[in-house]
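J.: Provided below: entry_38.cif, containing mmCIF, C-alpha atoms.
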data_work
loop_
_atom_site.group_PDB
_atom_site.id
_atom_site.type_symbol
_atom_site.label_atom_id
_atom_site.label_comp_id
_atom_site.auth_asym_id
_atom_site.auth_seq_id
_atom_site.Cartn_x
_atom_site.Cartn_y
_atom_site.Cartn_z
ATOM 1 C CA MET B 1 5.385 42.555 0.279
ATOM 2 C CA PRO B 2 8.293 40.117 0.700
ATOM 3 C CA THR B 3 10.914 41.061 3.266
ATOM 4 C CA THR B 4 14.665 40.988 2.728
ATOM 5 C CA ALA B 5 14.684 37.676 4.612
ATOM 6 C CA ASP B 6 11.963 36.262 2.297
ATOM 7 C CA LEU B 7 14.020 37.248 -0.753
ATOM 8 C CA ALA B 8 17.194 35.727 0.683
ATOM 9 C CA ALA B 9 15.319 32.473 1.407
ATOM 10 C CA PHE B 10 13.865 32.493 -2.114
ATOM 11 C CA GLU B 11 17.337 32.914 -3.624
ATOM 12 C CA ARG B 12 18.720 30.093 -1.465
ATOM 13 C CA GLU B 13 15.912 27.778 -2.638
ATOM 14 C CA LEU B 14 16.436 28.606 -6.309
ATOM 15 C CA LEU B 15 20.177 28.012 -6.066
ATOM 16 C CA ALA B 16 19.753 24.839 -3.984
ATOM 17 C CA GLU B 17 17.071 23.202 -6.133
ATOM 18 C CA ILE B 18 17.710 24.350 -9.723
ATOM 19 C CA PRO B 19 21.203 23.479 -11.025
ATOM 20 C CA LEU B 20 20.794 25.817 -14.009
ATOM 21 C CA ALA B 21 20.101 28.755 -11.658
ATOM 22 C CA ARG B 22 23.489 27.996 -10.052
ATOM 23 C CA ALA B 23 25.169 27.725 -13.479
ATOM 24 C CA MET B 24 23.681 31.116 -14.394
ATOM 25 C CA GLU B 25 24.926 32.583 -11.054
ATOM 26 C CA LEU B 26 21.473 34.051 -10.521
ATOM 27 C CA ARG B 27 20.974 36.583 -7.686
ATOM 28 C CA VAL B 28 17.714 37.968 -6.306
ATOM 29 C CA ARG B 29 18.315 41.697 -6.375
ATOM 30 C CA GLY B 30 15.179 43.059 -4.709
ATOM 31 C CA TYR B 31 11.456 43.729 -4.696
ATOM 32 C CA ALA B 32 10.007 47.217 -5.004
ATOM 33 C CA ASP B 33 6.984 48.859 -6.626
ATOM 34 C CA ASP B 34 5.347 45.398 -7.061
ATOM 35 C CA GLU B 35 8.304 44.260 -9.172
ATOM 36 C CA LEU B 36 10.736 41.411 -8.499
ATOM 37 C CA VAL B 37 14.271 41.955 -9.815
ATOM 38 C CA ILE B 38 16.662 39.056 -10.481
ATOM 39 C CA ALA B 39 20.180 39.514 -11.837
ATOM 40 C CA ALA B 40 22.742 37.427 -13.712
ATOM 41 C CA PRO B 41 26.320 38.202 -14.767
ATOM 42 C CA LEU B 42 27.208 38.002 -18.458
ATOM 43 C CA PRO B 43 30.219 35.590 -18.436
ATOM 44 C CA PRO B 44 28.362 32.348 -17.532
ATOM 45 C CA ASN B 45 25.430 33.409 -19.742
ATOM 46 C CA VAL B 46 27.235 34.338 -22.931
ATOM 47 C CA ASN B 47 26.619 32.964 -26.442
ATOM 48 C CA ASP B 48 28.860 32.374 -29.477
ATOM 49 C CA LYS B 49 28.662 36.092 -30.389
ATOM 50 C CA GLY B 50 29.784 37.348 -26.960
ATOM 51 C CA CYS B 51 26.367 38.708 -25.930
ATOM 52 C CA ALA B 52 23.747 37.144 -23.646
ATOM 53 C CA PHE B 53 22.531 33.690 -24.686
ATOM 54 C CA GLY B 54 18.807 33.682 -25.516
ATOM 55 C CA GLY B 55 18.280 30.643 -23.299
ATOM 56 C CA SER B 56 19.749 32.517 -20.337
ATOM 57 C CA LEU B 57 17.548 35.555 -21.010
ATOM 58 C CA VAL B 58 14.355 33.521 -21.218
ATOM 59 C CA SER B 59 15.341 31.381 -18.211
ATOM 60 C CA LEU B 60 15.934 34.458 -16.054
ATOM 61 C CA LEU B 61 12.700 36.066 -17.271
ATOM 62 C CA THR B 62 10.694 32.906 -16.587
ATOM 63 C CA LEU B 63 12.215 32.522 -13.107
ATOM 64 C CA ALA B 64 11.431 36.164 -12.333
ATOM 65 C CA GLY B 65 7.812 35.644 -13.414
ATOM 66 C CA TRP B 66 7.557 32.420 -11.431
ATOM 67 C CA GLY B 67 9.141 34.218 -8.473
ATOM 68 C CA VAL B 68 6.741 37.133 -8.417
ATOM 69 C CA VAL B 69 3.778 34.700 -8.284
ATOM 70 C CA THR B 70 5.426 32.369 -5.747
ATOM 71 C CA LEU B 71 6.407 35.217 -3.405
ATOM 72 C CA LYS B 72 2.893 36.692 -3.568
ATOM 73 C CA LEU B 73 1.353 33.334 -2.656
ATOM 74 C CA ALA B 74 3.733 33.015 0.312
ATOM 75 C CA ASP B 75 2.739 36.536 1.344
ATOM 76 C CA LEU B 76 -0.929 35.457 1.188
ATOM 77 C CA GLY B 77 -0.141 32.353 3.265
ATOM 78 C CA ARG B 78 -1.189 30.029 0.424
ATOM 79 C CA ASN B 79 0.597 26.701 -0.021
ATOM 80 C CA CYS B 80 0.641 26.115 -3.807
ATOM 81 C CA ASP B 81 2.678 24.703 -6.646
ATOM 82 C CA VAL B 82 3.221 27.226 -9.442
ATOM 83 C CA TYR B 83 3.780 26.182 -13.066
ATOM 84 C CA VAL B 84 4.403 28.183 -16.221
ATOM 85 C CA GLN B 85 1.825 27.353 -18.918
ATOM 86 C CA ASP B 86 2.888 29.391 -21.925
ATOM 87 C CA SER B 87 4.988 32.394 -22.798
ATOM 88 C CA HIS B 88 5.702 34.789 -25.605
ATOM 89 C CA VAL B 89 9.246 36.111 -25.835
ATOM 90 C CA ARG B 90 10.545 39.009 -27.929
ATOM 91 C CA TYR B 91 14.273 39.468 -28.360
ATOM 92 C CA VAL B 92 14.583 43.158 -29.169
ATOM 93 C CA ALA B 93 18.272 44.006 -28.771
ATOM 94 C CA PRO B 94 21.439 42.110 -27.823
ATOM 95 C CA VAL B 95 22.730 42.357 -24.236
ATOM 96 C CA TRP B 96 26.469 42.981 -23.885
ATOM 97 C CA ALA B 97 26.729 43.329 -20.082
ATOM 98 C CA ASP B 98 25.451 41.821 -16.841
ATOM 99 C CA PHE B 99 21.660 41.926 -16.881
ATOM 100 C CA THR B 100 18.511 41.890 -14.748
ATOM 101 C CA ALA B 101 15.012 40.556 -15.298
ATOM 102 C CA ARG B 102 12.094 42.531 -13.827
ATOM 103 C CA ALA B 103 8.720 40.825 -13.304
ATOM 104 C CA ARG B 104 5.304 42.292 -12.465
ATOM 105 C CA LEU B 105 1.639 41.532 -13.083
ATOM 106 C CA ALA B 106 0.523 41.999 -16.672
ATOM 107 C CA ASP B 107 -1.888 44.819 -17.449
ATOM 108 C CA GLY B 108 -5.452 43.906 -16.552
ATOM 109 C CA GLU B 109 -4.501 41.336 -13.902
ATOM 110 C CA SER B 110 -5.096 41.719 -10.157
ATOM 111 C CA TRP B 111 -3.819 39.845 -7.129
ATOM 112 C CA PRO B 112 -7.209 40.009 -5.306
ATOM 113 C CA ALA B 113 -9.011 38.367 -8.261
ATOM 114 C CA PHE B 114 -6.265 35.703 -8.401
ATOM 115 C CA ALA B 115 -6.537 35.069 -4.641
ATOM 116 C CA ASP B 116 -10.348 34.833 -4.854
ATOM 117 C CA ALA B 117 -10.219 32.309 -7.726
ATOM 118 C CA LEU B 118 -7.646 30.257 -5.843
ATOM 119 C CA ALA B 119 -9.773 30.240 -2.683
ATOM 120 C CA ALA B 120 -12.888 29.249 -4.640
ATOM 121 C CA LYS B 121 -11.456 26.575 -6.953
ATOM 122 C CA GLY B 122 -8.072 25.531 -5.539
ATOM 123 C CA ARG B 123 -6.385 26.701 -8.727
ATOM 124 C CA ALA B 124 -6.013 29.987 -10.551
ATOM 125 C CA ARG B 125 -4.190 31.451 -13.531
ATOM 126 C CA ILE B 126 -2.400 34.750 -13.782
ATOM 127 C CA ARG B 127 -0.380 36.555 -16.455
ATOM 128 C CA VAL B 128 2.874 38.342 -15.745
ATOM 129 C CA HIS B 129 4.996 40.744 -17.766
ATOM 130 C CA CYS B 130 8.777 40.468 -17.501
ATOM 131 C CA ARG B 131 11.550 42.440 -19.136
ATOM 132 C CA VAL B 132 15.309 42.689 -19.383
ATOM 133 C CA PRO B 133 15.962 46.450 -19.519
ATOM 134 C CA LEU B 134 18.791 48.094 -21.408
ATOM 135 C CA ALA B 135 20.955 50.763 -19.760
ATOM 136 C CA ASP B 136 18.992 53.445 -21.663
ATOM 137 C CA GLY B 137 15.674 52.221 -20.235
ATOM 138 C CA GLY B 138 14.448 50.406 -23.374
ATOM 139 C CA ASP B 139 13.820 46.674 -23.510
ATOM 140 C CA ALA B 140 16.397 44.113 -24.586
ATOM 141 C CA CYS B 141 13.956 41.230 -24.170
ATOM 142 C CA THR B 142 10.369 40.847 -22.978
ATOM 143 C CA LEU B 143 8.350 37.866 -21.838
ATOM 144 C CA GLU B 144 4.616 37.678 -21.305
ATOM 145 C CA ALA B 145 3.733 34.449 -19.522
ATOM 146 C CA ARG B 146 0.790 32.720 -17.953
ATOM 147 C CA PHE B 147 1.256 30.788 -14.723
ATOM 148 C CA VAL B 148 -1.102 28.470 -12.886
ATOM 149 C CA ALA B 149 -1.108 28.041 -9.130
ATOM 150 C CA ILE B 150 -2.541 24.791 -7.712
ATOM 151 C CA ALA B 151 -3.233 24.460 -3.984
ATOM 152 C CA ARG B 152 -1.309 21.623 -2.344
ATOM 153 C CA ALA B 153 -3.225 19.062 -0.343
ATOM 154 C CA SER B 154 -2.758 20.175 3.273
ATOM 155 C CA MET U 1 21.928 17.501 -45.286
ATOM 156 C CA PRO U 2 24.561 17.813 -42.529
ATOM 157 C CA THR U 3 26.997 14.909 -42.195
ATOM 158 C CA THR U 4 27.944 13.189 -38.958
ATOM 159 C CA ALA U 5 31.143 15.277 -39.005
ATOM 160 C CA ASP U 6 29.106 18.508 -39.399
ATOM 161 C CA LEU U 7 26.956 17.550 -36.429
ATOM 162 C CA ALA U 8 29.990 16.701 -34.293
ATOM 163 C CA ALA U 9 31.575 20.068 -35.177
ATOM 164 C CA PHE U 10 28.318 21.864 -34.375
ATOM 165 C CA GLU U 11 28.149 20.162 -30.958
ATOM 166 C CA ARG U 12 31.784 21.079 -30.227
ATOM 167 C CA GLU U 13 31.082 24.732 -31.077
ATOM 168 C CA LEU U 14 27.975 24.882 -28.888
ATOM 169 C CA LEU U 15 29.795 23.346 -25.934
ATOM 170 C CA ALA U 16 32.911 25.488 -26.459
ATOM 171 C CA GLU U 17 31.140 28.829 -26.866
ATOM 172 C CA ILE U 18 27.983 28.651 -24.730
ATOM 173 C CA PRO U 19 28.658 27.931 -21.034
ATOM 174 C CA LEU U 20 24.988 27.158 -20.392
ATOM 175 C CA ALA U 21 25.042 24.456 -23.113
ATOM 176 C CA ARG U 22 27.880 22.827 -21.138
ATOM 177 C CA ALA U 23 25.969 23.200 -17.871
ATOM 178 C CA MET U 24 22.950 21.523 -19.525
ATOM 179 C CA GLU U 25 25.228 18.715 -20.830
ATOM 180 C CA LEU U 26 23.651 19.168 -24.261
ATOM 181 C CA ARG U 27 24.381 16.558 -26.957
ATOM 182 C CA VAL U 28 23.565 16.707 -30.679
ATOM 183 C CA ARG U 29 21.775 13.430 -31.283
ATOM 184 C CA GLY U 30 21.279 13.479 -35.061
ATOM 185 C CA TYR U 31 19.605 14.865 -38.152
ATOM 186 C CA ALA U 32 17.042 12.925 -40.145
ATOM 187 C CA ASP U 33 13.866 13.705 -42.093
ATOM 188 C CA ASP U 34 14.741 17.435 -42.084
ATOM 189 C CA GLU U 35 14.740 17.416 -38.294
ATOM 190 C CA LEU U 36 17.605 18.228 -35.910
ATOM 191 C CA VAL U 37 17.551 16.354 -32.605
ATOM 192 C CA ILE U 38 19.388 17.634 -29.511
ATOM 193 C CA ALA U 39 19.340 15.856 -26.150
ATOM 194 C CA ALA U 40 19.875 16.743 -22.503
ATOM 195 C CA PRO U 41 19.921 14.588 -19.362
ATOM 196 C CA LEU U 42 17.459 15.391 -16.560
ATOM 197 C CA PRO U 43 19.795 15.750 -13.522
ATOM 198 C CA PRO U 44 21.532 19.040 -14.512
ATOM 199 C CA ASN U 45 18.211 20.369 -15.878
ATOM 200 C CA VAL U 46 15.892 19.642 -12.992
ATOM 201 C CA ASN U 47 13.667 22.122 -11.111
ATOM 202 C CA ASP U 48 12.414 22.327 -7.524
ATOM 203 C CA LYS U 49 9.690 19.733 -8.269
ATOM 204 C CA GLY U 50 12.106 17.119 -9.675
ATOM 205 C CA CYS U 51 10.991 17.489 -13.311
ATOM 206 C CA ALA U 52 12.659 19.417 -16.146
ATOM 207 C CA PHE U 53 13.202 23.131 -15.478
ATOM 208 C CA GLY U 54 11.232 25.324 -17.907
ATOM 209 C CA GLY U 55 14.362 27.359 -18.647
ATOM 210 C CA SER U 56 16.202 24.212 -19.706
ATOM 211 C CA LEU U 57 13.319 23.123 -21.948
ATOM 212 C CA VAL U 58 13.086 26.468 -23.712
ATOM 213 C CA SER U 59 16.889 26.767 -23.975
ATOM 214 C CA LEU U 60 17.159 23.353 -25.620
ATOM 215 C CA LEU U 61 14.233 24.114 -27.940
ATOM 216 C CA THR U 62 15.700 27.483 -28.936
ATOM 217 C CA LEU U 63 19.143 25.967 -29.565
ATOM 218 C CA ALA U 64 17.580 23.222 -31.691
ATOM 219 C CA GLY U 65 15.734 25.832 -33.751
ATOM 220 C CA TRP U 66 18.866 27.960 -34.087
ATOM 221 C CA GLY U 67 20.790 24.832 -35.029
ATOM 222 C CA VAL U 68 18.456 23.717 -37.798
ATOM 223 C CA VAL U 69 18.773 27.164 -39.449
ATOM 224 C CA THR U 70 22.534 27.416 -38.868
ATOM 225 C CA LEU U 71 23.221 23.929 -40.254
ATOM 226 C CA LYS U 72 21.092 24.623 -43.338
ATOM 227 C CA LEU U 73 23.000 27.850 -44.041
ATOM 228 C CA ALA U 74 26.317 25.993 -43.740
ATOM 229 C CA ASP U 75 24.929 23.382 -46.132
ATOM 230 C CA LEU U 76 24.082 26.195 -48.579
ATOM 231 C CA GLY U 77 27.595 27.643 -48.194
ATOM 232 C CA ARG U 78 26.221 30.903 -46.735
ATOM 233 C CA ASN U 79 28.225 32.788 -44.105
ATOM 234 C CA CYS U 80 25.609 34.339 -41.800
ATOM 235 C CA ASP U 81 24.851 35.255 -38.214
ATOM 236 C CA VAL U 82 21.567 33.795 -37.010
ATOM 237 C CA TYR U 83 19.490 35.412 -34.252
ATOM 238 C CA VAL U 84 16.217 34.430 -32.612
ATOM 239 C CA GLN U 85 13.633 37.245 -32.880
ATOM 240 C CA ASP U 86 10.615 35.952 -30.998
ATOM 241 C CA SER U 87 9.118 32.714 -29.783
ATOM 242 C CA HIS U 88 5.947 31.246 -28.384
ATOM 243 C CA VAL U 89 6.344 28.431 -25.890
ATOM 244 C CA ARG U 90 3.690 26.057 -24.587
ATOM 245 C CA TYR U 91 4.414 23.882 -21.570
ATOM 246 C CA VAL U 92 1.994 21.005 -21.989
ATOM 247 C CA ALA U 93 3.176 18.299 -19.590
ATOM 248 C CA PRO U 94 6.016 17.883 -17.093
ATOM 249 C CA VAL U 95 9.125 15.940 -18.158
ATOM 250 C CA TRP U 96 10.388 13.397 -15.620
ATOM 251 C CA ALA U 97 13.259 11.860 -17.627
ATOM 252 C CA ASP U 98 16.119 12.749 -19.964
ATOM 253 C CA PHE U 99 14.682 14.648 -22.921
ATOM 254 C CA THR U 100 15.248 15.679 -26.536
ATOM 255 C CA ALA U 101 14.270 18.722 -28.578
ATOM 256 C CA ARG U 102 13.346 18.228 -32.246
ATOM 257 C CA ALA U 103 13.446 21.187 -34.652
ATOM 258 C CA ARG U 104 12.128 21.546 -38.201
ATOM 259 C CA LEU U 105 10.748 24.232 -40.482
ATOM 260 C CA ALA U 106 7.318 25.518 -39.502
ATOM 261 C CA ASP U 107 4.380 24.738 -41.787
ATOM 262 C CA GLY U 108 4.287 27.051 -44.797
ATOM 263 C CA GLU U 109 8.026 27.832 -44.749
ATOM 264 C CA SER U 110 10.518 26.706 -47.389
ATOM 265 C CA TRP U 111 14.302 26.637 -47.528
ATOM 266 C CA PRO U 112 14.437 27.735 -51.208
ATOM 267 C CA ALA U 113 12.351 30.874 -50.486
ATOM 268 C CA PHE U 114 14.586 31.616 -47.483
ATOM 269 C CA ALA U 115 17.760 31.159 -49.578
ATOM 270 C CA ASP U 116 16.358 33.385 -52.349
ATOM 271 C CA ALA U 117 15.484 36.195 -49.910
ATOM 272 C CA LEU U 118 18.930 35.935 -48.338
ATOM 273 C CA ALA U 119 20.649 36.125 -51.746
ATOM 274 C CA ALA U 120 18.543 39.124 -52.788
ATOM 275 C CA LYS U 121 18.628 41.191 -49.597
ATOM 276 C CA GLY U 122 21.472 39.877 -47.434
ATOM 277 C CA ARG U 123 18.983 38.987 -44.708
ATOM 278 C CA ALA U 124 15.989 36.705 -44.399
ATOM 279 C CA ARG U 125 13.564 35.469 -41.762
ATOM 280 C CA ILE U 126 12.289 31.970 -41.216
ATOM 281 C CA ARG U 127 9.997 30.267 -38.703
ATOM 282 C CA VAL U 128 10.776 26.927 -37.086
ATOM 283 C CA HIS U 129 8.706 24.516 -35.044
ATOM 284 C CA CYS U 130 10.389 22.692 -32.169
ATOM 285 C CA ARG U 131 9.068 20.163 -29.694
ATOM 286 C CA VAL U 132 10.092 18.078 -26.717
ATOM 287 C CA PRO U 133 8.262 14.788 -27.252
ATOM 288 C CA LEU U 134 6.944 12.544 -24.491
ATOM 289 C CA ALA U 135 7.600 8.807 -24.505
ATOM 290 C CA ASP U 136 4.028 8.226 -25.786
ATOM 291 C CA GLY U 137 4.600 10.516 -28.797
ATOM 292 C CA GLY U 138 2.675 13.536 -27.480
ATOM 293 C CA ASP U 139 4.292 16.887 -26.764
ATOM 294 C CA ALA U 140 5.696 17.924 -23.402
ATOM 295 C CA CYS U 141 6.631 21.363 -24.666
ATOM 296 C CA THR U 142 6.487 23.190 -28.017
ATOM 297 C CA LEU U 143 8.206 26.293 -29.325
ATOM 298 C CA GLU U 144 7.393 28.222 -32.478
ATOM 299 C CA ALA U 145 10.136 30.737 -33.187
ATOM 300 C CA ARG U 146 11.225 33.200 -35.847
ATOM 301 C CA PHE U 147 14.905 33.531 -36.688
ATOM 302 C CA VAL U 148 16.701 36.076 -38.840
ATOM 303 C CA ALA U 149 19.853 35.304 -40.807
ATOM 304 C CA ILE U 150 22.125 38.219 -41.723
ATOM 305 C CA ALA U 151 24.949 37.737 -44.228
ATOM 306 C CA ARG U 152 28.383 38.508 -42.786
ATOM 307 C CA ALA U 153 30.578 40.980 -44.627
ATOM 308 C CA SER U 154 32.975 38.784 -46.603
#
Could I get this structure in the form of structure tokens?
T.:
Amino acid sequence: MPTTADLAAFERELLAEIPLARAMELRVRGYADDELVIAAPLPPNVNDKGCAFGGSLVSLLTLAGWGVVTLKLADLGRNCDVYVQDSHVRYVAPVWADFTARARLADGESWPAFADALAAKGRARIRVHCRVPLADGGDACTLEARFVAIARAS
Amino acid sequence: MPTTADLAAFERELLAEIPLARAMELRVRGYADDELVIAAPLPPNVNDKGCAFGGSLVSLLTLAGWGVVTLKLADLGRNCDVYVQDSHVRYVAPVWADFTARARLADGESWPAFADALAAKGRARIRVHCRVPLADGGDACTLEARFVAIARAS
């Protein structure tokens, strides 16, 4: 499980290397119960209607999904590049306040199977499930995405 | 078909009302053959690997899809709000240069059927197909999305 220092380093990297993450004022909120939580304030992520811009929602969700895979690989001591391959996004309800994206493995996926495939073939795919929750616990937006990890030449 | 003045006004609105569109340095490039073209430079949209950030790609694709519906409704003289409902994104190849998103109706959809449904019920759904082309004509990224238009109380 990533430490507080790991999460702080991950946030620094995102903000240093991805200008849009800076524009969104993204913050890594925490990691608990196998879930990575990333937050963004509403003002820099607003649309013409005054609620959260769909591009900001899907960007935060995709970064959370990418983050949960990247942090797990670091935890496993694997040096990989991680790419998103495809995603399915549902916009369920508008978001009128600051928001978070929560990312975890999709149902039916397992980290040990992912690690074994990566060790055997040097690349492996994994699906993640990410959501922007509403204050009442429902979903404002969900993203199901598939990522591929490719071992770097060492 | 939207005029050059319509497109310039649409770009001004996007940049005025959506901070992330400004951060991406989005530009409306043109409209031809029923296709809206929006562009973004690479530097503000880069990721940790030096290619286009997935969040920027999907944001530009979603805005292009939203734009093609919004511009058509203006052309029809309809006063509506337009929302994205869901989307499926495929990331096919990395993008190492400035890029454009091209949006058009999805196969099997028609503007007259959309306009008729909107006139009858005050709301209507439509699917669009958007792509970020590569220099060789292939796709770097595709998005198939469903939008809903809801007539504003007049």
J.: How far is it from CA of Arg102 in chain B to CA of Gly67 in chain B, in Å with one decimal?
T.: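 That distance, rounded to one decimal, is 10.3 Å.
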J.: Would you mind telling me which residue in B:Met1, B:Ala135, B:Val46, B:Ala151 lies nearest to chain U when using all atoms listed in the file?
T.: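 Using all atoms listed in the file, chain U sits closest to B:Val46.
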J.: Report, in Å to a single decimal, how far apart CA of Ala149 in chain U and CA of Ala113 in chain U are.
T.: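 We find that CA of Ala113 in chain U and CA of Ala149 in chain U lie 13.0 Å from each other.
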J.: Of the candidates U:Leu76, U:Val84, U:Ala140, U:Ala32, which shows the shortest atom-to-atom distance to Gly54 in chain B, using all atoms listed in the file?
T.: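 For Gly54 in chain B, the nearest of the given residues is U:Val84.
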J.: As an exercise, work out the distance from CA of Ser87 in chain B to CA of Asp86 in chain U in Å and give it to one decimal place.
T.: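 Those two atoms sit 10.6 Å apart.
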J.: To box range 1-9 of chain B, take all atoms listed in the file, fit an axis-aligned box, add 4 Å on each side, and give centre and edge lengths in Å to one decimal, as JSON.
T.:
{"center_x": 11.3, "center_y": 37.5, "center_z": 1.9, "size_x": 19.8, "size_y": 18.1, "size_z": 13.4}
J.: Taking all atoms listed in the file into account, name the residue in B:Ala106, B:Leu57, B:Ala115, B:Val95 that is nearest to Lys72 in chain B.
T.: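 Of all the options, B:Ala115 lies closest to Lys72 in chain B.
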J.: Kindly provide, as JSON, numbers by chain, the polymer residues lying within 10 Å of (2.8, 40.7, -15.7), counting all atoms listed in the file and using the coordinates exactly as they appear in the file.
T.: {"B": [35, 65, 68, 69, 102, 103, 104, 105, 106, 107, 108, 109, 110, 126, 127, 128, 129, 130, 131, 143, 144, 145, 146]}
J.: Once the PyMOL selection byres ((chain B) within 9 of (chain U)) has been applied to the shown file, what residues remain in the selection, as an MDAnalysis selection string?
T.: chainID B and resid 13:14 16:20 23:24 43:50 53:56 58:63 81 83:92
J.: Counting only C-alpha atoms, what is within 8 Å of Phe114 in chain B, bar same-chain residues fewer than 3 positions away, as a list in words?
T.: Ser110, Trp111, Ala117, Leu118, Ala124, Arg125 and Ile126 of chain B
J.: Taking only C-alpha atoms into account, which of B:Cys80, B:Arg123, B:Asp136, B:Asp116 comes nearest Arg152 in chain B?
T.: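 The answer is B:Cys80, which sits nearest to Arg152 in chain B.
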J.: Restricting the calculation to all atoms listed in the file, which member of U:Gly137, U:Asp98, U:Arg27, U:Pro2 is positioned closest to Cys51 in chain U?
T.: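 The closest residue to Cys51 in chain U is U:Asp98.
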J.: Counting all atoms listed in the file, write as a PyMOL selection string all protein and nucleic acid residues lying at most 6 Å from (8.4, 34.6, 0.0) in the file's frame.
T.: chain B and resi 2+6+71+74
J.: Filtering to C-alpha atoms, could you give me those residues as a PDB file, in the coordinates of the input?
T.:
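And here is the file that came out, out36.pdb:
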ATOM      1  CA  PRO B   2       8.293  40.117   0.700  1.00  0.00           C
ATOM      2  CA  ASP B   6      11.963  36.262   2.297  1.00  0.00           C
ATOM      3  CA  LEU B  71       6.407  35.217  -3.405  1.00  0.00           C
ATOM      4  CA  ALA B  74       3.733  33.015   0.312  1.00  0.00           C
TER       5      ALA B  74
END
J.: When the PyMOL selection byres ((chain B and resi 39) around 9) is applied to the file above, which residues end up in the set, as a list in words?
T.: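 Output from the PyMOL selection byres ((chain B and resi 39) around 9), applied to this file: Glu25, Leu26, Arg27, Val28, Arg29, Val37, Ile38, Ala40, Pro41, Leu60, Asp98, Phe99, Thr100, Ala101 and Arg102 of chain B.
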J.: Return the single residue from U:Ala119, U:Thr3, U:Phe147, U:Trp96 that is closest to Asp75 in chain U, with distances computed using all atoms listed in the file.
T.: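 Nearest to Asp75 in chain U: U:Thr3.
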J.: Please output range 119-131 of chain B, rebuilt to include N, CA and C atoms, as a PDB file, keeping the file's coordinate frame.
T.:
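Dumped to result28.pdb:
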ATOM      1  N   ALA B 119      -9.002  30.648  -3.869  1.00  0.00           N
ATOM      2  CA  ALA B 119      -9.773  30.240  -2.683  1.00  0.00           C
ATOM      3  C   ALA B 119     -11.018  29.465  -3.098  1.00  0.00           C
ATOM      4  N   ALA B 120     -11.629  29.872  -4.217  1.00  0.00           N
ATOM      5  CA  ALA B 120     -12.888  29.249  -4.640  1.00  0.00           C
ATOM      6  C   ALA B 120     -12.661  27.891  -5.292  1.00  0.00           C
ATOM      7  N   LYS B 121     -11.603  27.768  -6.102  1.00  0.00           N
ATOM      8  CA  LYS B 121     -11.456  26.575  -6.953  1.00  0.00           C
ATOM      9  C   LYS B 121     -10.214  25.746  -6.649  1.00  0.00           C
ATOM     10  N   GLY B 122      -9.303  26.276  -5.829  1.00  0.00           N
ATOM     11  CA  GLY B 122      -8.072  25.531  -5.539  1.00  0.00           C
ATOM     12  C   GLY B 122      -7.035  25.654  -6.635  1.00  0.00           C
ATOM     13  N   ARG B 123      -7.374  26.391  -7.688  1.00  0.00           N
ATOM     14  CA  ARG B 123      -6.385  26.701  -8.727  1.00  0.00           C
ATOM     15  C   ARG B 123      -6.764  28.012  -9.388  1.00  0.00           C
ATOM     16  N   ALA B 124      -5.752  28.705  -9.891  1.00  0.00           N
ATOM     17  CA  ALA B 124      -6.013  29.987 -10.551  1.00  0.00           C
ATOM     18  C   ALA B 124      -4.862  30.303 -11.498  1.00  0.00           C
ATOM     19  N   ARG B 125      -5.191  31.049 -12.545  1.00  0.00           N
ATOM     20  CA  ARG B 125      -4.190  31.451 -13.531  1.00  0.00           C
ATOM     21  C   ARG B 125      -3.937  32.945 -13.427  1.00  0.00           C
ATOM     22  N   ILE B 126      -2.710  33.327 -13.776  1.00  0.00           N
ATOM     23  CA  ILE B 126      -2.400  34.750 -13.782  1.00  0.00           C
ATOM     24  C   ILE B 126      -1.301  35.022 -14.809  1.00  0.00           C
ATOM     25  N   ARG B 127      -1.382  36.184 -15.457  1.00  0.00           N
ATOM     26  CA  ARG B 127      -0.380  36.555 -16.455  1.00  0.00           C
ATOM     27  C   ARG B 127       0.589  37.568 -15.865  1.00  0.00           C
ATOM     28  N   VAL B 128       1.851  37.401 -16.215  1.00  0.00           N
ATOM     29  CA  VAL B 128       2.874  38.342 -15.745  1.00  0.00           C
ATOM     30  C   VAL B 128       3.621  38.916 -16.948  1.00  0.00           C
ATOM     31  N   HIS B 129       4.186  40.085 -16.733  1.00  0.00           N
ATOM     32  CA  HIS B 129       4.996  40.744 -17.766  1.00  0.00           C
ATOM     33  C   HIS B 129       6.404  40.900 -17.211  1.00  0.00           C
ATOM     34  N   CYS B 130       7.384  40.431 -17.955  1.00  0.00           N
ATOM     35  CA  CYS B 130       8.777  40.468 -17.501  1.00  0.00           C
ATOM     36  C   CYS B 130       9.627  41.095 -18.593  1.00  0.00           C
ATOM     37  N   ARG B 131      10.673  41.778 -18.170  1.00  0.00           N
ATOM     38  CA  ARG B 131      11.550  42.440 -19.136  1.00  0.00           C
ATOM     39  C   ARG B 131      12.988  42.460 -18.669  1.00  0.00           C
TER      40      ARG B 131
END
